[in-house]
$ cat structure-v3.txt   # compact mmCIF, C-alpha atoms
# COMPACT_ATOMS: atom_id res chain seq x y z
CA MET A 1 0.00 0.00 0.00
CA ASP A 2 2.73 2.41 0.95
CA ASN A 3 4.60 1.67 -2.25
CA ASP A 4 1.58 2.43 -4.33
CA LYS A 5 1.20 5.74 -2.46
CA ASP A 6 4.81 6.81 -3.10
CA GLU A 7 4.61 5.99 -6.77
CA THR A 8 1.43 8.02 -7.03
CA GLU A 9 3.05 11.10 -5.34
CA GLU A 10 6.17 10.86 -7.52
CA LYS A 11 4.07 10.71 -10.64
CA ASN A 12 1.97 13.67 -9.55
CA SER A 13 5.08 15.85 -8.80
CA SER A 14 6.66 15.01 -12.16
CA GLU A 15 3.49 16.00 -13.97
CA ASP A 16 2.97 19.26 -11.94
CA PRO A 17 2.43 22.17 -14.46
CA THR A 18 3.90 24.74 -12.06
CA SER A 19 7.24 23.03 -12.17
CA GLU A 20 7.28 23.02 -15.95
CA TRP A 21 6.45 26.79 -16.05
CA SER A 22 9.30 27.58 -13.67
CA ASP A 23 11.74 25.65 -15.78
CA GLU A 24 10.74 27.57 -18.91
CA ILE A 25 11.29 30.94 -17.16
CA LEU A 26 14.73 29.88 -15.96
CA GLU A 27 15.66 28.72 -19.45
CA ARG A 28 14.62 32.04 -21.00
CA ALA A 29 16.60 33.96 -18.40
CA ARG A 30 19.70 31.90 -19.19
CA GLU A 31 19.28 32.65 -22.93
CA ARG A 32 18.93 36.41 -22.31
CA VAL A 33 22.05 36.47 -20.17
CA GLU A 34 24.04 34.55 -22.76
CA ASN A 35 22.82 36.78 -25.61
CA SER A 36 23.62 39.94 -23.64
CA GLU A 37 27.16 38.75 -22.86
CA GLN A 38 27.73 37.86 -26.47
CA ASN A 39 26.52 41.29 -27.69
CA ASP A 40 28.75 43.09 -25.18
CA ALA A 41 31.75 41.08 -26.33
CA ASN A 42 31.11 41.90 -29.99
CA SER A 43 30.38 45.59 -29.44
CA LYS A 44 33.27 48.25 -29.39
CA PRO A 45 34.17 49.65 -25.97
CA ASN A 46 32.70 53.02 -25.29
CA SER A 47 34.89 56.13 -25.21
CA ILE A 48 34.85 58.70 -22.47
CA GLU A 49 34.71 62.43 -23.28
CA ALA A 50 34.87 65.26 -20.82
CA ASP A 51 32.24 67.91 -21.28
CA ALA A 52 32.79 71.64 -20.80
CA THR A 53 31.93 71.47 -17.11
CA GLY A 54 34.61 68.85 -16.38
CA SER A 55 32.17 65.92 -15.94
CA SER A 56 32.55 62.95 -18.28
CA LYS A 57 29.99 61.40 -20.60
CA GLN A 58 30.00 58.28 -22.69
CA ILE A 59 30.13 58.27 -26.48
CA SER A 60 28.97 55.15 -28.21
CA GLY A 61 31.06 53.41 -30.84
CA ASN A 62 28.84 54.64 -33.68
CA GLU A 63 29.04 58.26 -32.50
CA GLU A 64 32.84 58.04 -32.21
CA THR A 65 33.05 56.66 -35.74
CA GLN A 66 30.97 59.58 -37.04
CA LEU A 67 33.21 62.07 -35.22
CA THR A 68 36.32 60.44 -36.68
CA GLN A 69 34.88 60.61 -40.20
CA SER A 70 33.91 64.27 -39.72
CA ALA A 71 37.41 65.12 -38.54
CA SER A 72 38.99 63.38 -41.53
CA ASP A 73 36.66 65.24 -43.91
CA PHE A 74 37.65 68.64 -42.36
CA ASP A 75 39.66 70.83 -44.75
CA GLU A 76 41.59 73.68 -43.16
CA ASP A 77 41.36 75.75 -46.36
CA ASP A 78 37.57 75.67 -46.23
CA PHE A 79 37.47 77.20 -42.75
CA ASP A 80 37.48 81.01 -42.26
CA PHE A 81 39.63 81.92 -39.27
CA GLY A 82 38.67 85.59 -39.58
CA LEU A 83 42.25 86.64 -40.46
CA PRO A 84 42.88 89.16 -43.30
CA SER A 85 44.57 87.96 -46.44
CA PRO A 86 48.22 89.01 -47.05
CA PHE A 87 47.06 91.46 -49.74
CA ARG A 88 44.52 93.14 -47.50
CA SER A 89 47.02 93.23 -44.64
CA ASN A 90 49.66 94.94 -46.80
CA LEU A 91 47.09 97.33 -48.24
CA ARG A 92 45.99 98.32 -44.76
CA LYS A 93 49.61 98.95 -43.72
CA ILE A 94 50.14 101.15 -46.77
CA LEU A 95 46.98 103.13 -46.03
CA GLU A 96 48.04 103.55 -42.40
CA TRP A 97 51.44 104.90 -43.43
CA VAL A 98 49.85 107.23 -46.00
CA ALA A 99 47.54 108.54 -43.28
CA VAL A 100 50.44 109.05 -40.85
CA ILE A 101 52.62 110.82 -43.42
CA GLY A 102 49.70 112.92 -44.66
CA THR A 103 48.83 113.95 -41.12
CA ALA A 104 52.47 114.84 -40.44
CA PHE A 105 52.55 117.08 -43.55
CA VAL A 106 49.32 118.79 -42.54
CA VAL A 107 50.56 119.38 -38.99
CA ALA A 108 53.91 120.67 -40.29
CA PHE A 109 52.14 123.02 -42.72
CA VAL A 110 49.86 124.39 -39.99
CA ILE A 111 52.79 124.88 -37.61
CA LYS A 112 54.90 126.63 -40.27
CA ALA A 113 52.07 128.79 -41.55
CA PHE A 114 50.56 129.92 -38.24
CA LEU A 115 52.78 129.01 -35.27
CA PHE A 116 56.56 128.57 -35.66
CA GLN A 117 59.13 128.62 -38.43
CA ALA A 118 62.87 128.03 -38.55
CA TYR A 119 65.17 130.59 -40.22
CA TYR A 120 68.77 130.42 -41.38
CA ILE A 121 71.07 133.40 -40.74
CA PRO A 122 73.01 134.13 -43.98
CA SER A 123 74.93 137.28 -42.98
CA PRO A 124 76.99 138.77 -40.10
CA SER A 125 74.61 141.71 -39.57
CA MET A 126 73.41 140.37 -36.18
CA GLU A 127 76.81 139.53 -34.71
CA PRO A 128 77.66 138.89 -31.93
CA SER A 129 74.09 137.80 -31.07
CA LEU A 130 73.74 135.60 -34.18
CA GLY A 131 76.44 134.38 -36.55
CA ILE A 132 76.44 133.14 -40.11
CA GLY A 133 74.87 129.67 -40.29
CA ASP A 134 72.91 129.97 -37.05
CA ARG A 135 69.30 128.81 -37.05
CA VAL A 136 66.52 130.41 -35.04
CA ILE A 137 62.87 129.61 -34.37
CA VAL A 138 60.40 132.42 -34.98
CA ASN A 139 57.10 132.66 -33.07
CA LYS A 140 54.43 133.90 -35.48
CA LEU A 141 51.79 134.32 -32.79
CA SER A 142 53.70 136.80 -30.64
CA TYR A 143 52.34 140.02 -32.13
CA LYS A 144 48.84 138.68 -32.41
CA LEU A 145 48.86 138.46 -28.61
CA HIS A 146 50.81 141.62 -27.67
CA ASP A 147 52.50 144.69 -29.16
CA VAL A 148 56.04 144.83 -30.46
CA ASN A 149 58.58 145.53 -27.69
CA ARG A 150 61.85 147.40 -27.84
CA GLY A 151 64.78 145.00 -28.01
CA ASP A 152 62.78 142.23 -29.78
CA MET A 153 64.61 140.41 -32.56
CA ILE A 154 62.09 140.29 -35.40
CA VAL A 155 61.80 138.75 -38.85
CA PHE A 156 60.04 140.92 -41.45
CA GLY A 157 59.61 141.18 -45.20
CA ASN A 158 62.51 142.88 -46.94
CA PRO A 159 61.16 146.36 -47.88
CA SER A 160 63.70 146.81 -50.70
CA GLN A 161 63.97 143.28 -52.02
CA THR A 162 65.69 142.75 -55.36
CA ASN A 163 66.28 139.59 -57.33
CA ASN A 164 69.54 138.90 -55.52
CA GLU A 165 68.34 139.69 -51.99
CA VAL A 166 66.59 137.50 -49.45
CA SER A 167 62.86 137.94 -48.99
CA ASP A 168 63.01 138.19 -45.18
CA LEU A 169 65.37 140.06 -42.85
CA ILE A 170 66.11 139.70 -39.15
CA LYS A 171 66.91 142.83 -37.10
CA ARG A 172 66.41 144.23 -33.60
CA VAL A 173 63.69 146.72 -32.71
CA VAL A 174 65.28 149.95 -31.48
CA ALA A 175 62.47 152.53 -31.61
CA LEU A 176 58.67 152.12 -31.37
CA PRO A 177 55.81 154.00 -33.09
CA GLY A 178 55.79 157.73 -32.30
CA GLU A 179 59.28 157.75 -30.76
CA THR A 180 62.16 159.95 -31.87
CA LEU A 181 65.43 158.13 -32.50
CA GLN A 182 68.69 160.08 -32.72
CA VAL A 183 72.35 159.05 -32.99
CA GLN A 184 74.98 161.22 -31.29
CA ASP A 185 78.66 160.33 -30.89
CA GLY A 186 77.99 156.74 -31.87
CA LYS A 187 75.26 156.26 -29.22
CA VAL A 188 71.48 155.88 -29.65
CA TYR A 189 69.01 158.21 -27.91
CA ILE A 190 65.26 157.61 -27.70
CA ASP A 191 63.20 160.75 -27.03
CA GLY A 192 66.40 162.34 -25.74
CA ASN A 193 67.28 159.46 -23.37
CA LEU A 194 70.40 157.32 -23.82
CA MET A 195 69.48 153.75 -24.79
CA ILE A 196 71.38 150.99 -22.98
CA GLU A 197 72.10 148.11 -25.39
CA PRO A 198 73.77 145.18 -23.58
CA TYR A 199 73.49 142.92 -26.64
CA LEU A 200 76.12 144.99 -28.53
CA ALA A 201 79.84 144.25 -28.38
CA ALA A 202 81.65 146.37 -25.79
CA SER A 203 83.37 148.52 -28.41
CA GLU A 204 80.39 148.72 -30.79
CA THR A 205 79.14 152.15 -31.85
CA THR A 206 76.34 153.23 -34.14
CA SER A 207 77.30 154.93 -37.38
CA ASP A 208 75.73 158.18 -38.53
CA PHE A 209 72.96 158.08 -41.11
CA SER A 210 70.96 160.36 -43.31
CA THR A 211 67.29 160.54 -42.44
CA PRO A 212 65.65 157.85 -44.62
CA ALA A 213 62.30 158.00 -46.35
CA GLY A 214 59.38 157.07 -44.16
CA CYS A 215 60.42 159.10 -41.12
CA ILE A 216 58.18 161.97 -40.06
CA SER A 217 61.17 164.22 -39.34
CA SER A 218 62.66 166.44 -42.02
CA LEU A 219 64.98 164.75 -44.48
CA GLU A 220 67.36 167.70 -44.10
CA LYS A 221 68.30 166.57 -40.59
CA ALA A 222 70.87 163.78 -40.23
CA ASN A 223 70.97 161.06 -37.59
CA ILE A 224 67.34 161.54 -36.53
CA CYS A 225 64.02 159.79 -37.29
CA VAL A 226 60.55 160.26 -35.86
CA VAL A 227 58.91 156.85 -36.24
CA PRO A 228 55.39 156.99 -37.73
CA ASP A 229 52.43 155.09 -36.25
CA ASP A 230 52.26 151.35 -36.92
CA HIS A 231 55.99 151.28 -37.76
CA VAL A 232 59.19 150.37 -35.90
CA PHE A 233 62.80 151.40 -36.41
CA VAL A 234 65.17 148.41 -36.61
CA MET A 235 68.94 147.95 -36.63
CA GLY A 236 71.38 145.09 -36.79
CA ASP A 237 73.58 144.38 -33.75
CA ASN A 238 76.63 144.69 -36.02
CA ARG A 239 76.03 148.39 -36.58
CA TRP A 240 78.85 148.95 -39.07
CA ASN A 241 77.87 146.00 -41.25
CA SER A 242 74.07 146.02 -41.33
CA ARG A 243 71.53 147.20 -43.86
CA ASP A 244 68.56 148.33 -41.76
CA SER A 245 66.12 151.20 -41.10
CA ARG A 246 68.95 153.73 -41.40
CA ILE A 247 68.80 152.92 -45.12
CA PHE A 248 65.29 151.74 -46.00
CA GLY A 249 63.39 153.54 -43.22
CA PRO A 250 60.92 152.35 -40.54
CA VAL A 251 59.32 148.94 -41.02
CA PRO A 252 55.50 148.53 -41.09
CA VAL A 253 54.26 146.37 -38.19
CA GLU A 254 52.03 144.46 -40.59
CA SER A 255 55.10 143.22 -42.48
CA ILE A 256 56.53 141.53 -39.37
CA VAL A 257 56.50 137.71 -39.69
CA GLY A 258 57.23 137.04 -36.02
CA ARG A 259 59.69 137.23 -33.15
CA ALA A 260 62.86 135.14 -33.03
CA PHE A 261 62.87 133.69 -29.54
CA VAL A 262 65.43 130.87 -29.51
CA ARG A 263 68.60 129.81 -31.32
CA VAL A 264 68.56 126.06 -31.97
CA TRP A 265 71.74 125.68 -34.04
CA PRO A 266 74.59 125.06 -33.43
CA LEU A 267 73.47 122.63 -30.73
CA GLY A 268 76.18 123.71 -28.32
CA ASP A 269 75.01 127.35 -28.62
CA PHE A 270 71.33 126.75 -27.85
CA LYS A 271 70.14 130.05 -26.43
CA ARG A 272 66.99 132.00 -25.68
CA LEU A 273 67.02 135.31 -27.56

$ encode --input "structure-v3.txt" --output "structure tokens"
Amino acid sequence: MDNDKDETEEKNSSEDPTSEWSDEILERARERVENSEQNDANSKPNSIEADATGSSKQISGNEETQLTQSASDFDEDDFDFGLPSPFRSNLRKILEWVAVIGTAFVVAFVIKAFLFQAYYIPSPSMEPSLGIGDRVIVNKLSYKLHDVNRGDMIVFGNPSQTNNEVSDLIKRVVALPGETLQVQDGKVYIDGNLMIEPYLAASETTSDFSTPAGCISSLEKANICVVPDDHVFVMGDNRWNSRDSRIFGPVPVESIVGRAFVRVWPLGDFKRL
């Protein structure tokens, strides 16, 4: 009896449908695991790329292949780096230099025409203050800001210019408008007062002269000139070797170019005048 019972239980357990269902599930799980391992083995390992924030992200094999192909297809000549071509760069340099040189010419022209101008001394008429070959700078604004002063060294248009003479002269102002200049015993008197002239050489005297045209005083009187309005009487510091107002008369103020205020050449003799 017991044997029959055991055989019956063994037969029932072997034919239990629940057991068969469990076996099928286990078999499918084994197949999935095997397939997954096989696919992982065949697939290319993933690459790691750091993003802009410093964290890393994975790039699949297909994406890496696409990136590699894109990099190989990249042509440096087809990419615009925003840099100017050699021609445009050279053209811009030329234009910049033209602008610089043009500006320099304009500035130099403005300075020479309205502000300052250099002059060369060609004669000994201003010795010992200025010698032959000296160069001075003339301020053209001086007499637009103030009146002419006695003792100023001025540049003015030559009132008796000929083809062989220079167009501008440089002399020293000795007498001002309305003043009476007179020479006695080699000395200069202004309105009857002796004029002290420290710029002359110690032994320098002033030569006599006949009253020139342009003076208000009578031409019959020698060594005397009454300077008319808007004129000045000028002389060279080298009184015995200077062609000045004693010959061509008083100089109109409007003909004055400017005041020589500094000697710049020779370099060792740089001096304020």

$ atom_distance --input "structure-v3.txt" --atom1 "atom CA of A:Leu267" --atom2 "atom CA of A:Phe105"
25.2 Å

$ atom_distance --input "structure-v3.txt" --atom1 "atom CA of A:Ser125" --atom2 "atom CA of A:Gly192"
26.2 Å

$ residues_near_point --input "structure-v3.txt" --point "(76.1, 147.1, -28.6)" --cutoff "10 Å" --atoms "all atoms listed in the file" --output "compact mmCIF listing (two decimals) with C-alpha atoms, in the frame of the given file"
# COMPACT_ATOMS: atom_id res chain seq x y z
CA GLU A 127 76.81 139.53 -34.71
CA PRO A 128 77.66 138.89 -31.93
CA SER A 129 74.09 137.80 -31.07
CA LYS A 187 75.26 156.26 -29.22
CA VAL A 188 71.48 155.88 -29.65
CA ILE A 196 71.38 150.99 -22.98
CA GLU A 197 72.10 148.11 -25.39
CA PRO A 198 73.77 145.18 -23.58
CA TYR A 199 73.49 142.92 -26.64
CA LEU A 200 76.12 144.99 -28.53
CA ALA A 201 79.84 144.25 -28.38
CA ALA A 202 81.65 146.37 -25.79
CA SER A 203 83.37 148.52 -28.41
CA GLU A 204 80.39 148.72 -30.79
CA THR A 205 79.14 152.15 -31.85
CA THR A 206 76.34 153.23 -34.14
CA GLY A 236 71.38 145.09 -36.79
CA ASP A 237 73.58 144.38 -33.75
CA ASN A 238 76.63 144.69 -36.02
CA ARG A 239 76.03 148.39 -36.58

$ closest_residue --input "structure-v3.txt" --among "A:Ala108, A:Leu273, A:Val148, A:Val183" --to "A:Lys221" --atoms "only C-alpha atoms"
A:Val183

$ atom_distance --input "structure-v3.txt" --atom1 "atom CA of A:Ile101" --atom2 "atom CA of A:Asp134"
28.6 Å

$ closest_residue --input "structure-v3.txt" --among "A:Leu115, A:Ile170, A:Ile190, A:Leu181" --to "A:Ile224" --atoms "all atoms listed in the file"
A:Leu181

$ residues_around --input "structure-v3.txt" --residues "A:Phe156" --least-positions-apart "4" --cutoff "6 Å" --atoms "all atoms listed in the file" --output "PyMOL selection string"
chain A and resi 168-169+255-257

$ write_last_selection --input "structure-v3.txt" --atoms "C-alpha atoms" --output "PDB file, keeping the file's coordinate frame"
ATOM      1  CA  ASP A 168      63.010 138.190 -45.180  1.00  0.00           C
ATOM      2  CA  LEU A 169      65.370 140.060 -42.850  1.00  0.00           C
ATOM      3  CA  SER A 255      55.100 143.220 -42.480  1.00  0.00           C
ATOM      4  CA  ILE A 256      56.530 141.530 -39.370  1.00  0.00           C
ATOM      5  CA  VAL A 257      56.500 137.710 -39.690  1.00  0.00           C
TER       6      VAL A 257
END

$ residues_around --input "structure-v3.txt" --residues "A:Ile247" --least-positions-apart "5" --cutoff "9 Å" --atoms "only C-alpha atoms" --output "count of residues only"
5

$ residues_around --input "structure-v3.txt" --residues "A:Val251" --least-positions-apart "5" --cutoff "8 Å" --atoms "all atoms listed in the file" --output "PyMOL selection string"
chain A and resi 159+231-234+245

$ write_last_selection --input "structure-v3.txt" --atoms "C-alpha atoms" --output "short mmCIF file (atom, residue, chain, number, x, y, z; two decimals), in the frame of the given file"
data_model
loop_
_atom_site.label_atom_id
_atom_site.label_comp_id
_atom_site.auth_asym_id
_atom_site.auth_seq_id
_atom_site.Cartn_x
_atom_site.Cartn_y
_atom_site.Cartn_z
CA PRO A 159 61.16 146.36 -47.88
CA HIS A 231 55.99 151.28 -37.76
CA VAL A 232 59.19 150.37 -35.90
CA PHE A 233 62.80 151.40 -36.41
CA VAL A 234 65.17 148.41 -36.61
CA SER A 245 66.12 151.20 -41.10
#

$ residues_around --input "structure-v3.txt" --residues "A:Val262" --least-positions-apart "6" --cutoff "8 Å" --atoms "all atoms listed in the file" --output "VMD selection string"
chain A and resid 136 to 138 270 to 273

$ closest_residue --input "structure-v3.txt" --among "A:Pro266, A:Gly249, A:Gly258, A:Gly102" --to "A:Ser160" --atoms "all atoms listed in the file"
A:Gly249

$ closest_residue --input "structure-v3.txt" --among "A:Leu145, A:Val253, A:Val166, A:Val107" --to "A:Ile121" --atoms "only C-alpha atoms"
A:Val166

$ closest_residue --input "structure-v3.txt" --among "A:Val174, A:Asp152, A:Asn139, A:Met195" --to "A:Ile111" --atoms "all atoms listed in the file"
A:Asn139

$ closest_residue --input "structure-v3.txt" --among "A:Lys93, A:Thr180, A:Lys171, A:Val100" --to "A:Leu130" --atoms "all atoms listed in the file"
A:Lys171
